[in-house]
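Colleague: For reference, the file my_file-v3.txt (compact mmCIF, C-alpha atoms and all ligand atoms) is included below:
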# COMPACT_ATOMS: atom_id res chain seq x y z
CA MET U 1 -43.52 -71.68 -12.21
CA ARG U 2 -40.79 -69.07 -12.01
CA ILE U 3 -37.32 -69.99 -10.88
CA GLU U 4 -34.81 -67.52 -9.46
CA ALA U 5 -31.88 -69.91 -9.65
CA ASP U 6 -30.63 -72.52 -12.10
CA LEU U 7 -28.54 -75.10 -10.26
CA HIS U 8 -27.28 -77.04 -13.27
CA THR U 9 -25.40 -75.39 -16.15
CA HIS U 10 -22.36 -76.28 -18.25
CA THR U 11 -19.68 -74.18 -19.92
CA VAL U 12 -17.06 -74.91 -22.58
CA ALA U 13 -14.99 -76.53 -19.83
CA SER U 14 -17.25 -79.60 -19.93
CA GLY U 15 -15.92 -80.43 -23.38
CA HIS U 16 -19.34 -80.77 -24.99
CA ALA U 17 -20.92 -77.41 -24.07
CA TYR U 18 -20.53 -74.21 -26.01
CA SER U 19 -20.66 -71.03 -23.90
CA THR U 20 -18.31 -69.37 -21.43
CA VAL U 21 -19.01 -68.51 -17.79
CA THR U 22 -19.42 -64.87 -18.83
CA GLU U 23 -21.91 -65.74 -21.56
CA MET U 24 -23.89 -67.94 -19.17
CA ALA U 25 -24.00 -65.17 -16.55
CA ARG U 26 -25.05 -62.53 -19.09
CA ALA U 27 -27.87 -64.74 -20.37
CA ALA U 28 -28.97 -65.45 -16.80
CA ALA U 29 -29.04 -61.71 -16.01
CA GLU U 30 -31.09 -61.01 -19.14
CA LYS U 31 -33.62 -63.62 -18.04
CA GLY U 32 -33.90 -62.19 -14.55
CA LEU U 33 -32.23 -65.09 -12.77
CA LYS U 34 -30.52 -64.18 -9.51
CA LEU U 35 -28.20 -67.18 -9.27
CA ILE U 36 -26.66 -69.90 -11.40
CA ALA U 37 -24.49 -72.82 -10.42
CA ILE U 38 -21.72 -73.56 -12.88
CA THR U 39 -21.64 -77.34 -12.76
CA ASP U 40 -19.18 -78.58 -15.33
CA HIS U 41 -18.62 -82.31 -15.56
CA GLY U 42 -15.91 -83.94 -13.50
CA PRO U 43 -12.65 -85.16 -15.05
CA ALA U 44 -13.92 -88.66 -15.89
CA MET U 45 -16.12 -87.24 -18.68
CA PRO U 46 -14.34 -87.49 -22.06
CA GLY U 47 -13.12 -83.97 -22.87
CA GLY U 48 -13.92 -82.85 -19.34
CA PRO U 49 -11.70 -80.52 -17.33
CA HIS U 50 -8.66 -81.49 -15.30
CA GLU U 51 -9.09 -81.31 -11.55
CA TYR U 52 -7.04 -78.08 -11.55
CA TYR U 53 -9.97 -76.35 -13.29
CA PHE U 54 -12.06 -76.87 -10.17
CA GLY U 55 -9.21 -75.85 -7.88
CA ASN U 56 -8.90 -72.53 -9.67
CA LEU U 57 -12.60 -71.56 -9.78
CA SER U 58 -11.94 -69.20 -6.87
CA VAL U 59 -10.55 -66.67 -9.38
CA LEU U 60 -14.14 -66.04 -10.49
CA PRO U 61 -16.05 -63.26 -8.75
CA GLU U 62 -19.08 -64.08 -6.61
CA GLU U 63 -21.30 -62.13 -8.97
CA ILE U 64 -21.16 -61.50 -12.70
CA PHE U 65 -23.66 -59.05 -14.25
CA GLY U 66 -25.39 -59.06 -10.85
CA VAL U 67 -25.93 -62.83 -10.95
CA ARG U 68 -24.59 -64.84 -8.03
CA ILE U 69 -22.29 -67.54 -9.37
CA LEU U 70 -21.98 -70.79 -7.45
CA LYS U 71 -18.74 -72.52 -8.30
CA GLY U 72 -19.67 -76.12 -8.64
CA ILE U 73 -19.35 -79.43 -10.37
CA GLU U 74 -21.56 -82.14 -11.77
CA ALA U 75 -19.37 -84.97 -10.56
CA ASN U 76 -19.59 -88.31 -12.29
CA ILE U 77 -20.73 -91.06 -9.95
CA GLN U 78 -18.35 -93.96 -10.42
CA SER U 79 -19.28 -97.66 -10.39
CA ASN U 80 -18.56 -97.90 -6.66
CA GLY U 81 -20.60 -94.79 -5.85
CA GLU U 82 -17.55 -92.57 -5.36
CA LEU U 83 -17.06 -89.29 -7.23
CA ASP U 84 -14.44 -88.43 -9.84
CA LEU U 85 -12.85 -85.51 -8.00
CA PRO U 86 -10.70 -85.72 -4.85
CA GLU U 87 -12.38 -84.69 -1.63
CA LYS U 88 -9.99 -81.77 -1.10
CA ARG U 89 -11.17 -80.24 -4.39
CA LEU U 90 -14.84 -80.95 -3.71
CA LYS U 91 -14.50 -79.14 -0.40
CA GLN U 92 -13.35 -75.97 -2.18
CA LEU U 93 -16.57 -75.72 -4.18
CA ASP U 94 -19.81 -73.92 -3.37
CA PHE U 95 -22.01 -76.60 -4.84
CA VAL U 96 -21.43 -80.28 -5.54
CA ALA U 97 -23.97 -82.05 -7.72
CA ALA U 98 -23.50 -85.66 -8.78
CA GLY U 99 -25.03 -87.88 -11.40
CA ILE U 100 -24.52 -91.09 -13.32
CA HIS U 101 -23.33 -90.66 -16.93
CA ARG U 102 -22.36 -92.87 -19.78
CA TYR U 103 -18.68 -93.07 -20.78
CA ALA U 104 -17.57 -91.47 -17.53
CA GLY U 105 -16.39 -94.21 -15.21
CA TYR U 106 -19.70 -95.89 -14.57
CA GLU U 107 -19.98 -99.50 -15.74
CA ASN U 108 -22.86 -101.02 -13.75
CA THR U 109 -25.88 -102.37 -15.57
CA SER U 110 -28.59 -103.28 -13.06
CA LYS U 111 -31.22 -101.18 -11.34
CA THR U 112 -30.01 -102.45 -7.97
CA GLU U 113 -26.47 -101.25 -8.73
CA HIS U 114 -27.67 -97.87 -10.02
CA THR U 115 -29.70 -97.44 -6.85
CA GLU U 116 -26.80 -98.42 -4.58
CA ALA U 117 -24.35 -96.11 -6.35
CA THR U 118 -26.81 -93.20 -6.21
CA ILE U 119 -27.50 -93.73 -2.52
CA ARG U 120 -23.78 -93.92 -1.79
CA ALA U 121 -23.42 -90.50 -3.47
CA ILE U 122 -26.37 -89.17 -1.43
CA LYS U 123 -24.60 -90.29 1.75
CA ASN U 124 -21.48 -88.31 0.77
CA PRO U 125 -21.74 -85.24 3.02
CA LEU U 126 -20.28 -83.01 0.28
CA VAL U 127 -23.04 -83.80 -2.22
CA LYS U 128 -25.91 -81.31 -2.27
CA MET U 129 -27.88 -82.46 -5.32
CA ILE U 130 -28.37 -85.57 -7.44
CA THR U 131 -28.80 -84.74 -11.12
CA HIS U 132 -31.41 -86.44 -13.29
CA PRO U 133 -32.37 -89.33 -10.97
CA ALA U 134 -35.38 -89.97 -13.23
CA ASN U 135 -33.15 -91.32 -15.94
CA LEU U 136 -34.15 -94.14 -18.26
CA TYR U 137 -30.55 -95.00 -19.11
CA PHE U 138 -29.85 -95.70 -15.45
CA PRO U 139 -33.17 -96.47 -13.76
CA VAL U 140 -33.13 -96.46 -9.97
CA ASP U 141 -35.52 -97.48 -7.25
CA LEU U 142 -36.99 -94.00 -6.91
CA LEU U 143 -38.62 -94.69 -3.56
CA ALA U 144 -35.29 -95.79 -2.04
CA VAL U 145 -33.49 -92.79 -3.54
CA VAL U 146 -36.13 -90.33 -2.32
CA GLN U 147 -36.06 -91.85 1.16
CA ALA U 148 -32.26 -91.55 1.27
CA ALA U 149 -32.42 -87.95 0.01
CA ALA U 150 -34.93 -87.18 2.77
CA GLU U 151 -32.68 -88.72 5.40
CA TYR U 152 -29.51 -86.97 4.25
CA GLY U 153 -30.99 -83.64 3.17
CA VAL U 154 -30.02 -83.81 -0.50
CA ILE U 155 -31.82 -82.03 -3.36
CA LEU U 156 -33.20 -84.15 -6.20
CA GLU U 157 -33.29 -82.62 -9.65
CA VAL U 158 -36.04 -82.60 -12.23
CA ASN U 159 -34.02 -82.13 -15.41
CA ALA U 160 -35.50 -80.03 -18.22
CA SER U 161 -33.05 -81.33 -20.82
CA SER U 162 -34.34 -84.86 -20.31
CA PHE U 163 -37.44 -83.78 -22.19
CA ASP U 164 -35.91 -82.13 -25.18
CA ARG U 165 -36.61 -83.50 -28.60
CA PHE U 166 -33.26 -85.28 -28.89
CA ARG U 167 -33.46 -87.02 -25.55
CA LEU U 168 -37.16 -87.69 -25.20
CA GLY U 169 -37.70 -91.18 -23.87
CA LYS U 170 -34.03 -91.72 -23.28
CA ARG U 171 -32.43 -89.84 -20.47
CA GLY U 172 -35.70 -89.06 -18.79
CA SER U 173 -39.37 -89.52 -19.16
CA LYS U 174 -42.44 -87.70 -18.05
CA GLU U 175 -43.72 -90.74 -16.15
CA LEU U 176 -40.52 -91.21 -14.16
CA SER U 177 -40.27 -87.49 -13.42
CA LEU U 178 -43.87 -87.44 -12.26
CA LYS U 179 -43.21 -90.33 -9.93
CA LEU U 180 -40.08 -88.59 -8.63
CA CYS U 181 -42.02 -85.38 -7.94
CA CYS U 182 -44.86 -87.14 -6.16
CA LEU U 183 -42.49 -89.16 -3.95
CA ALA U 184 -40.36 -86.09 -3.19
CA LYS U 185 -43.45 -84.18 -2.12
CA ARG U 186 -44.55 -87.03 0.10
CA TYR U 187 -41.17 -87.27 1.84
CA GLY U 188 -40.44 -83.53 1.97
CA VAL U 189 -37.40 -83.74 -0.30
CA PRO U 190 -36.47 -80.44 -1.98
CA LEU U 191 -36.73 -80.57 -5.74
CA SER U 192 -34.79 -78.38 -8.14
CA LEU U 193 -36.05 -77.68 -11.65
CA ASN U 194 -32.93 -77.11 -13.72
CA SER U 195 -32.07 -76.45 -17.34
CA ASP U 196 -28.85 -78.51 -17.61
CA ALA U 197 -27.98 -75.88 -20.22
CA HIS U 198 -25.07 -76.63 -22.53
CA PHE U 199 -25.51 -73.31 -24.39
CA HIS U 200 -26.21 -69.90 -22.89
CA ARG U 201 -29.56 -69.53 -24.67
CA ASP U 202 -30.92 -72.37 -22.53
CA VAL U 203 -29.99 -71.03 -19.10
CA GLY U 204 -33.05 -71.06 -16.85
CA ASN U 205 -35.18 -72.69 -19.52
CA ILE U 206 -37.47 -75.22 -17.84
CA GLU U 207 -40.29 -74.87 -20.34
CA THR U 208 -40.36 -78.60 -21.09
CA LEU U 209 -41.21 -79.33 -17.46
CA SER U 210 -44.54 -77.48 -17.56
CA PRO U 211 -46.68 -80.65 -17.93
CA VAL U 212 -44.89 -82.32 -15.02
CA ILE U 213 -45.21 -79.23 -12.81
CA LYS U 214 -48.92 -79.14 -13.56
CA GLU U 215 -49.67 -82.85 -13.15
CA ALA U 216 -47.60 -83.24 -10.00
CA LYS U 217 -49.24 -80.06 -8.65
CA LEU U 218 -45.86 -78.65 -7.70
CA SER U 219 -45.91 -75.38 -5.85
CA GLU U 220 -43.08 -73.00 -5.06
CA ARG U 221 -42.95 -74.63 -1.64
CA ASP U 222 -41.72 -77.86 -3.25
CA ILE U 223 -39.06 -76.23 -5.42
CA ILE U 224 -35.90 -74.98 -3.74
CA ASN U 225 -34.72 -72.96 -6.74
CA SER U 226 -37.97 -71.02 -6.92
CA SER U 227 -36.27 -68.79 -4.35
CA PHE U 228 -32.78 -67.29 -4.28
CA ASP U 229 -33.04 -67.07 -0.48
CA LEU U 230 -33.87 -70.77 -0.09
CA VAL U 231 -30.89 -71.73 -2.23
CA GLU U 232 -28.57 -69.42 -0.31
CA ALA U 233 -29.80 -70.79 3.00
CA PHE U 234 -29.29 -74.35 1.81
CA ILE U 235 -25.79 -73.66 0.49
CA SER U 236 -24.63 -71.84 3.60
CA ARG U 237 -25.53 -74.73 5.88
CA LYS U 238 -22.21 -76.03 7.08
CA GLY U 239 -21.88 -79.76 6.66
CA ALA U 240 -25.06 -79.83 4.63
CA GLY U 241 -26.15 -83.30 3.79
CA ARG U 242 -26.61 -84.44 7.37
CA GLN U 243 -29.46 -82.19 8.24
CA ARG U 244 -32.93 -82.56 6.91
CA CYS U 245 -33.95 -79.69 4.70
CA VAL U 246 -37.34 -78.29 5.50
CA LEU U 247 -38.76 -75.95 2.90
ZN ZN D 301 -25.71 -84.96 -16.21
ZN ZN D 302 -25.31 -81.74 -16.83
As structure tokens, how would this structure be written, given the file I've shared?
Modeller:
Amino acid sequence: MRIEADLHTHTVASGHAYSTVTEMARAAAEKGLKLIAITDHGPAMPGGPHEYYFGNLSVLPEEIFGVRILKGIEANIQSNGELDLPEKRLKQLDFVAAGIHRYAGYENTSKTEHTEATIRAIKNPLVKMITHPANLYFPVDLLAVVQAAAEYGVILEVNASSFDRFRLGKRGSKELSLKLCCLAKRYGVPLSLNSDAHFHRDVGNIETLSPVIKEAKLSERDIINSSFDLVEAFISRKGAGRQRCVL
């Protein structure tokens, strides 16, 4: 599976990532990617950027080294399902992803609560993608989440970093990701295979997802970031999140 876009990458601004926007873009260009979303963590993450960082992203050009740069965020879903950046800032961004993280304003402990918070984020019309929903730290009712994503036209991510040797069996698992992929296919929910790179070397690297891609029989039709044009079309939809996405 070849991807033309990586919709989940972090820079030094996240506080626990190690490359600059320029380094990320250069690495993406070298790998033949056409687009990356810069999705640094929201302010609730320890060491994360102040909200002004997101307000000033407009100083960045639309393309660096020929790679389209989406100015985005990986907002931290809070215990009540809200996000950790004011709406006026979220509206200024090209791409709002949201996920549940430890130590970043999320205190719930039950699967029911994780599911409710995730679905509340899905219903937020500014949210375009949920990051790592197949997450063993915060297990959700995947069927309910997939059904909500189908209804509100939100992308669900299959996260390549969940499979790396440090996180194996923790943040994600092959079984959960397989279930996510199969349900997403059944309900026509767009999937995105992303690196979640915290260092430029890892941009666009979804190697760890190969077994899942094979077993879930994913085709390019199922994967929105297999095509630059599909991503652009999705992003340019005004008020996205209320309209079902048909790949
Ligand atoms: Zn994350
Ligand atoms: Zn991330």
Colleague: Quick one: of U:Val21, U:Leu209, U:Val145, U:Leu126, who's nearest to Arg237 in chain U, counting all atoms listed in the file?
Modeller: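 Closest to Arg237 in chain U of all the choices is U:Leu126.
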Colleague: Counting all atoms listed in the file, what is within 8 Å of range 185-196 of chain U, bar same-chain residues fewer than 5 positions away, as a ChimeraX atom specification?
Modeller: /U:3,6-10,146-147,149-150,153-161,202-206,209,222-225,245-247
Colleague: Could you dump the residues just selected with C-alpha atoms as a PDB file, keeping the file's coordinate frame?
Modeller:
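What ended up in result29.pdb:
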ATOM      1  CA  ILE U   3     -37.320 -69.990 -10.880  1.00  0.00           C
ATOM      2  CA  ASP U   6     -30.630 -72.520 -12.100  1.00  0.00           C
ATOM      3  CA  LEU U   7     -28.540 -75.100 -10.260  1.00  0.00           C
ATOM      4  CA  HIS U   8     -27.280 -77.040 -13.270  1.00  0.00           C
ATOM      5  CA  THR U   9     -25.400 -75.390 -16.150  1.00  0.00           C
ATOM      6  CA  HIS U  10     -22.360 -76.280 -18.250  1.00  0.00           C
ATOM      7  CA  VAL U 146     -36.130 -90.330  -2.320  1.00  0.00           C
ATOM      8  CA  GLN U 147     -36.060 -91.850   1.160  1.00  0.00           C
ATOM      9  CA  ALA U 149     -32.420 -87.950   0.010  1.00  0.00           C
ATOM     10  CA  ALA U 150     -34.930 -87.180   2.770  1.00  0.00           C
ATOM     11  CA  GLY U 153     -30.990 -83.640   3.170  1.00  0.00           C
ATOM     12  CA  VAL U 154     -30.020 -83.810  -0.500  1.00  0.00           C
ATOM     13  CA  ILE U 155     -31.820 -82.030  -3.360  1.00  0.00           C
ATOM     14  CA  LEU U 156     -33.200 -84.150  -6.200  1.00  0.00           C
ATOM     15  CA  GLU U 157     -33.290 -82.620  -9.650  1.00  0.00           C
ATOM     16  CA  VAL U 158     -36.040 -82.600 -12.230  1.00  0.00           C
ATOM     17  CA  ASN U 159     -34.020 -82.130 -15.410  1.00  0.00           C
ATOM     18  CA  ALA U 160     -35.500 -80.030 -18.220  1.00  0.00           C
ATOM     19  CA  SER U 161     -33.050 -81.330 -20.820  1.00  0.00           C
ATOM     20  CA  ASP U 202     -30.920 -72.370 -22.530  1.00  0.00           C
ATOM     21  CA  VAL U 203     -29.990 -71.030 -19.100  1.00  0.00           C
ATOM     22  CA  GLY U 204     -33.050 -71.060 -16.850  1.00  0.00           C
ATOM     23  CA  ASN U 205     -35.180 -72.690 -19.520  1.00  0.00           C
ATOM     24  CA  ILE U 206     -37.470 -75.220 -17.840  1.00  0.00           C
ATOM     25  CA  LEU U 209     -41.210 -79.330 -17.460  1.00  0.00           C
ATOM     26  CA  ASP U 222     -41.720 -77.860  -3.250  1.00  0.00           C
ATOM     27  CA  ILE U 223     -39.060 -76.230  -5.420  1.00  0.00           C
ATOM     28  CA  ILE U 224     -35.900 -74.980  -3.740  1.00  0.00           C
ATOM     29  CA  ASN U 225     -34.720 -72.960  -6.740  1.00  0.00           C
ATOM     30  CA  CYS U 245     -33.950 -79.690   4.700  1.00  0.00           C
ATOM     31  CA  VAL U 246     -37.340 -78.290   5.500  1.00  0.00           C
ATOM     32  CA  LEU U 247     -38.760 -75.950   2.900  1.00  0.00           C
TER      33      LEU U 247
END
Colleague: Write as a VMD selection string the residues around ligand ZN 302 (chain D), taking 12 Å as the cut-off and counting all atoms listed in the file.
Modeller: chain U and resid 6 to 11 13 to 17 37 to 42 45 48 72 to 76 97 to 102 129 to 133 157 to 162 171 194 to 199 203
Colleague: Which residues, written as a VMD selection string, have at least one atom at most 9 Å from Glu4 in chain U, with all atoms listed in the file counted and residues fewer than 6 positions away on the same chain left out?
Modeller: chain U and resid 32 to 36 204 225 to 228
Colleague: Please indicate the distance in Å from CA of Leu143 in chain U to CA of Lys174 in chain U, rounded to one decimal place.
Modeller: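 CA of Lys174 in chain U lies at a distance of 16.5 Å from CA of Leu143 in chain U.
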Colleague: In terms of the shortest atom-to-atom distance over all atoms listed in the file, which of U:Thr115, U:Cys181, U:Pro211, U:Tyr103 is closest to ligand ZN 301 (chain D)?
Modeller: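 For ligand ZN 301 (chain D), the nearest of the candidates is U:Tyr103.
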Colleague: Between U:Glu51, U:Arg26, U:Met1, U:Ala134, which has the minimum distance to ligand ZN 301 (chain D) (counting only C-alpha atoms and all ligand atoms)?
Modeller: U:Ala134
Colleague: Ranking U:Tyr137, U:Ser110, U:Leu90, U:Glu207 by minimum distance to Pro125 in chain U and counting all atoms listed in the file, which one comes first?
Modeller: U:Leu90
Colleague: In terms of the shortest atom-to-atom distance over all atoms listed in the file, which of U:Ala29, U:Leu183, U:Ala117, U:Ile77 is closest to ligand ZN 301 (chain D)?
Modeller: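 Ranking U:Ala29, U:Leu183, U:Ala117, U:Ile77 by distance to ligand ZN 301 (chain D), first place goes to U:Ile77.
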Colleague: Take CA of Leu142 in chain U and CA of Ala216 in chain U and report the distance between them in Å, one decimal.
Modeller: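 Spanning CA of Leu142 in chain U to CA of Ala216 in chain U is a straight-line distance of 15.4 Å.
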Colleague: Which residue is closest to ligand ZN 301 (chain D)? Choose from U:Lys71, U:Gly66, U:Asn135, U:Glu107 and count all atoms listed in the file.
Modeller: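 The shortest atom-to-atom distance to ligand ZN 301 (chain D) comes from U:Asn135.
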Colleague: Just how far from CA of Glu87 in chain U is CA of Tyr152 in chain U, in Å to one decimal?
Modeller: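 Rounded to one decimal, the two atoms are 18.3 Å apart.
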Colleague: Please provide as a ChimeraX atom specification all residues within 8 Å of Arg89 in chain U, with the sequence filter that same-chain residues fewer than 2 positions apart are discarded (counting only C-alpha atoms).
Modeller: /U:51,54-55,85-87,91-93
